[in-house]
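Since the structure comes first, as structure tokens, the remarks are kept for the end.
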Amino acid sequence: MSYNTLEACLTDLEKNDHLVRVKELVDPYLEMAAIHLRVHAAGGPALLFENVKGTPYRAASNIFGTVERSKFIFRDTLRLVQQLIELKNNPIKAIQSPYRYMRTGWTAFKALPLKNPISKPVLANQIQISDLPLIQHWPNDGGAFITLPQVYTEDVEQPGIMHANMGMYRIQLTGNDYILNREIGLHYQLHRGIGIHQTKANVKGVPLKVSCFVGGPPAHSLAAVMPLPEGMSEMTFAGVLGNRRFRYTYMDGYAISTDADFVITGEVLPGENKPEGPFGDHLGYYSLQHPFPVMRVHKVFVRKNAIWPFTVVGRPPQEDTSFGTLIHELTGNAVTKEIPGVREIHAVDAAGVHPLLLAIGSERYTPFNPTKEPAEILTIANHILGTGQLSLAKFLWITADDTHQLSVTNVPAFMQYVLERIDFKRDIHFYTNTSIDTLDYSGGGLNKGSKVVLAAYGKPIRTLCTEVPEIMKEIKPFTNAQLVMPGVVALTAPYFTDAATAKQTVSILETQLIRGAVPDNVACIVLCDDSAFTAANLNNFLWVTFTRSNPSHDIHGIGAFIENKHWGCKGPLIIDARKKPHHAPPVEVLPETNKKIDSLFAKGGSLFGIE
């Protein structure tokens with residue numbers, strides 16, 4: 001379906017029972033986010049807020065809240081996009097099947113941005129930042145943020161739309177030291193496209209011109225988060241996905257998306273930063289306050305009857321989970337094509353995406369060797385951890401499956417397969433003092449942490465327990481031993497105070513287990529603050545274990561040793577997943593906020609029946 005505007009998309013969703021209008025007055029301070037979270041958790045519809053306190057503009061959320069709704073929005077172009085990505089990754093296909101890909105090539109050509117920008121202005125009015133829906137999502141956020149922006153920049157060495165970048169980087173509108181209506185904050189890492197543009201501008205000593213588009217056709221939002229093949233621009237992708245060329249013009253030297261609902265223009269000066277954050281982020285914790293580029297606001301434009309789209313990020317799964325699933329379907333096996341020997345890779349959303357990767361590779365190095373052990377998959381692991389966004393991974397579990405029956409998307413089955421086969425003395429490989437995700441505070445500082453590869457291959461070497469062994473119920477000062485999954489037991493441990501005390505705690509655990517004979521059928525022990533919560537469901541286990549541990553510091557083991565600089569243990573493995581003093585706090589909706597929005601879900605409210 002081709003939508004020229006965001007409102008056209010929302011109208012279509014409403015006609016097909018995918019949208020509900022919220023007619024009551026809602027407060028952008030915490031309430032709108034809480035409403036969104038409750039509706040999304042219920043698998044509910046997209047929302048159109050018609051009466052937002054403090055602004056004349058409507059707002060919309062949960063537009064991409066389910067994979068089914070996202071596919072519905074792009075139902076007419078998804079297959080064409082998949083074929084275009086296939087061609088980009090393997091151009092020889094066009095020669096092998098010319099008739100099959102002829103339409104794809106023609107569609108891509110038609111989707112190229114207009115060679116000459118539109119000359120007539122189409123944005124109705126000029127406003128200020130303070131006129132916008134200033135939505136604060138979480139209680140400890142630094143202020144109001146834009147969560148669905150399309151941030152556009154051009155290469156100062158190669159200006160023009162074909163060398164431009166459009167990415168989705170959060171924008172802080174208010175709070176901290178920002179001067180209202182004159183300054184906003186941009187949060188992005190320098191390896192991103194905008195960071196490359198800023199680096200070039202800094203070298204030349206010139207301001208980087210930035211245009212922030214909000215709203216417009218939904219294809220523009222997806223294009224801004226899409227990991228595109230090298231050489232394919234976000235604007236071309238948006239044209240293919242939306243079946244409509246990306247339309248733009250220039251005003252005061254700034255690029256303007258003429259289909260956007262709102263456009264904020266401004267410039268980033270070399271070396272000019274201000275504290276940005278905190279912000280409740282997609283790992284389920286606050287990313288804390290750090291210096292990031294400040295953008296000096298030039299002008300703010302708005303179209304007639306504009307609608308402000310937003311989403312809420314927090315502990316997964318959230319709306320961005322649907323984005324991720326749709327992106328995976330579009331890109332298909334692009335990553336596995338890039339890394340030889342890889343059959344499947346899965347970034348586990350419930351663990352915050354980057355903290356945990358699961359991969360299936362191949363073992364072809366020593367077919368003559370009667371003993372099967374990790375070899376090729378170790379080479380593959382190094383390649384994975386050196387590739388794009390995958391390089392942010394913290395835990396990589398990797399195996400090879402000769403039967404081709406195992407899948408990385410079946411997380412508990414995959415983990416059980418690895419835990420049955422892993423040799424703790426041989427198969428654990430650490431990368432210390434390296435980089436991790438900016439949003440992950442389990443390490444020793446911003447972007448600083450460690451990685452670990454757990455590689456397993458061959459026949460099972462242990463049978464995993466399916467109930468908690470008696471000895472695990474009697475270890476003091478640990479309490480409430482809970483079975484998480486076969487071979488994995490969670491223990492409530494004393495609160496973490498410091499590293500030295502943590503080592504003593506592990507030593508106490510090890511002494512008692514060895515004295516009582518370590519059960520061979522326990523592969524992993526998770527030390528946590530609340531074992532009942534951790535073991536309650538798979539998502540809790542994944543979130544607690546992999547977001548609250550730094551491999552080099554928090555992985556221990558019974559009978560641990562170092563031999564020729566290789567760490568190993570007799571087993572079981574111990575992961576200390578307790579909250580640490582340097583960790584960021586988790587995000588939570590305040591009880592009083594939930595109480596305020598209850599009336600919308602009660603009989604007579606706009607959202608009655610959704611829960």
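In the structure tokens, chains take the letters A, B, ... in the order shown, each chain's residues start at 1, and ligands count up from 1 in the order shown.
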Enumerate as a PyMOL selection string all residues of segment 251-420 of chain A assigned to alpha helix (DSSP H) by DSSP on the backbone, naming them with the chain letters and numbers the document uses. chain A and resi 319-331+334-338+376-384+411-420
Under the rule of at most 10 Å, produce a per-residue listing of segment 293-325 of chain A near segment 45-56 of chain A: chain, number, name, the closest pair of atoms, and the distance in Å, as CSV, using only C-alpha atoms.
residue,atom,partner,partner_atom,distance
A:Asn305,CA,A:Pro56,CA,9.5
A:Ala306,CA,A:Pro56,CA,9.5
A:Ile307,CA,A:Leu48,CA,8.7
A:Trp308,CA,A:Phe49,CA,9.4
A:Pro309,CA,A:Leu48,CA,9.0
Please dump the current selection as a PDB file, in the first residue's frame; keep N, CA and C atoms.
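Now in part01.pdb:
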ATOM      1  N   ASN A 305      -2.490  19.939   9.759  1.00  0.00           N
ATOM      2  CA  ASN A 305      -3.057  18.737  10.379  1.00  0.00           C
ATOM      3  C   ASN A 305      -1.982  17.702  10.722  1.00  0.00           C
ATOM      4  N   ALA A 306      -0.832  18.171  11.164  1.00  0.00           N
ATOM      5  CA  ALA A 306       0.297  17.275  11.450  1.00  0.00           C
ATOM      6  C   ALA A 306      -0.004  16.323  12.606  1.00  0.00           C
ATOM      7  N   ILE A 307       0.623  15.164  12.547  1.00  0.00           N
ATOM      8  CA  ILE A 307       0.508  14.136  13.593  1.00  0.00           C
ATOM      9  C   ILE A 307       1.922  13.775  14.048  1.00  0.00           C
ATOM     10  N   TRP A 308       2.125  13.717  15.354  1.00  0.00           N
ATOM     11  CA  TRP A 308       3.438  13.449  15.952  1.00  0.00           C
ATOM     12  C   TRP A 308       3.538  11.957  16.307  1.00  0.00           C
ATOM     13  N   PRO A 309       4.323  11.167  15.581  1.00  0.00           N
ATOM     14  CA  PRO A 309       4.466   9.757  15.918  1.00  0.00           C
ATOM     15  C   PRO A 309       5.514   9.558  17.011  1.00  0.00           C
TER      16      PRO A 309
END
For Asp437 of chain A, work out the shell of residues within 7 Å, counting only C-alpha atoms and skipping chain neighbours fewer than 5 positions away, then give it as a list of chain:residue names.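 So, after excluding close chain neighbours, the residues are A:His354, A:Leu392, A:Asn447.
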Test item: residues at most 9 Å from segment 495-508 of chain A, only C-alpha atoms, excluding those fewer than 5 positions along its chain, as a PyMOL selection string: chain A and resi 475-477+513+528-529+553-554+556-558+574+576+578-581
Got a sec: who's within 12 Å of segment 561-564 of chain A, counting only C-alpha atoms, leaving out chain neighbours fewer than 3 positions off, as a PDB file with C-alpha atoms, in the first residue's frame?
ATOM      1  CA  PHE A 424      34.047 -26.078  30.413  1.00  0.00           C
ATOM      2  CA  LYS A 425      37.764 -26.853  30.560  1.00  0.00           C
ATOM      3  CA  ARG A 426      38.211 -26.153  26.832  1.00  0.00           C
ATOM      4  CA  ILE A 428      35.051 -20.913  26.928  1.00  0.00           C
ATOM      5  CA  HIS A 429      36.948 -18.066  25.257  1.00  0.00           C
ATOM      6  CA  HIS A 556      33.152 -18.027  37.588  1.00  0.00           C
ATOM      7  CA  GLY A 557      33.288 -21.793  37.772  1.00  0.00           C
ATOM      8  CA  ILE A 558      33.746 -24.710  40.133  1.00  0.00           C
ATOM      9  CA  TRP A 567      40.603 -19.934  31.592  1.00  0.00           C
ATOM     10  CA  GLY A 568      38.545 -23.044  32.227  1.00  0.00           C
ATOM     11  CA  CYS A 569      36.766 -24.888  35.010  1.00  0.00           C
ATOM     12  CA  LYS A 570      35.524 -28.316  35.946  1.00  0.00           C
ATOM     13  CA  GLY A 571      31.986 -26.992  36.114  1.00  0.00           C
TER      14      GLY A 571
END
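If only C-alpha atoms are the atoms counted, then among A:Thr66, A:Asn243, A:Thr379, A:Asn539 the closest residue to Val342 of chain A is A:Thr379.
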Selected residue of minimal separation from Arg244 of chain A among A:Phe301, A:Thr5, A:Pro494, A:Phe145, counting only C-alpha atoms: A:Thr5
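Atom CA of Ser257 of chain A to atom CA of Arg245 of chain A spans 11.1 Å [interatomic distance, one decimal].
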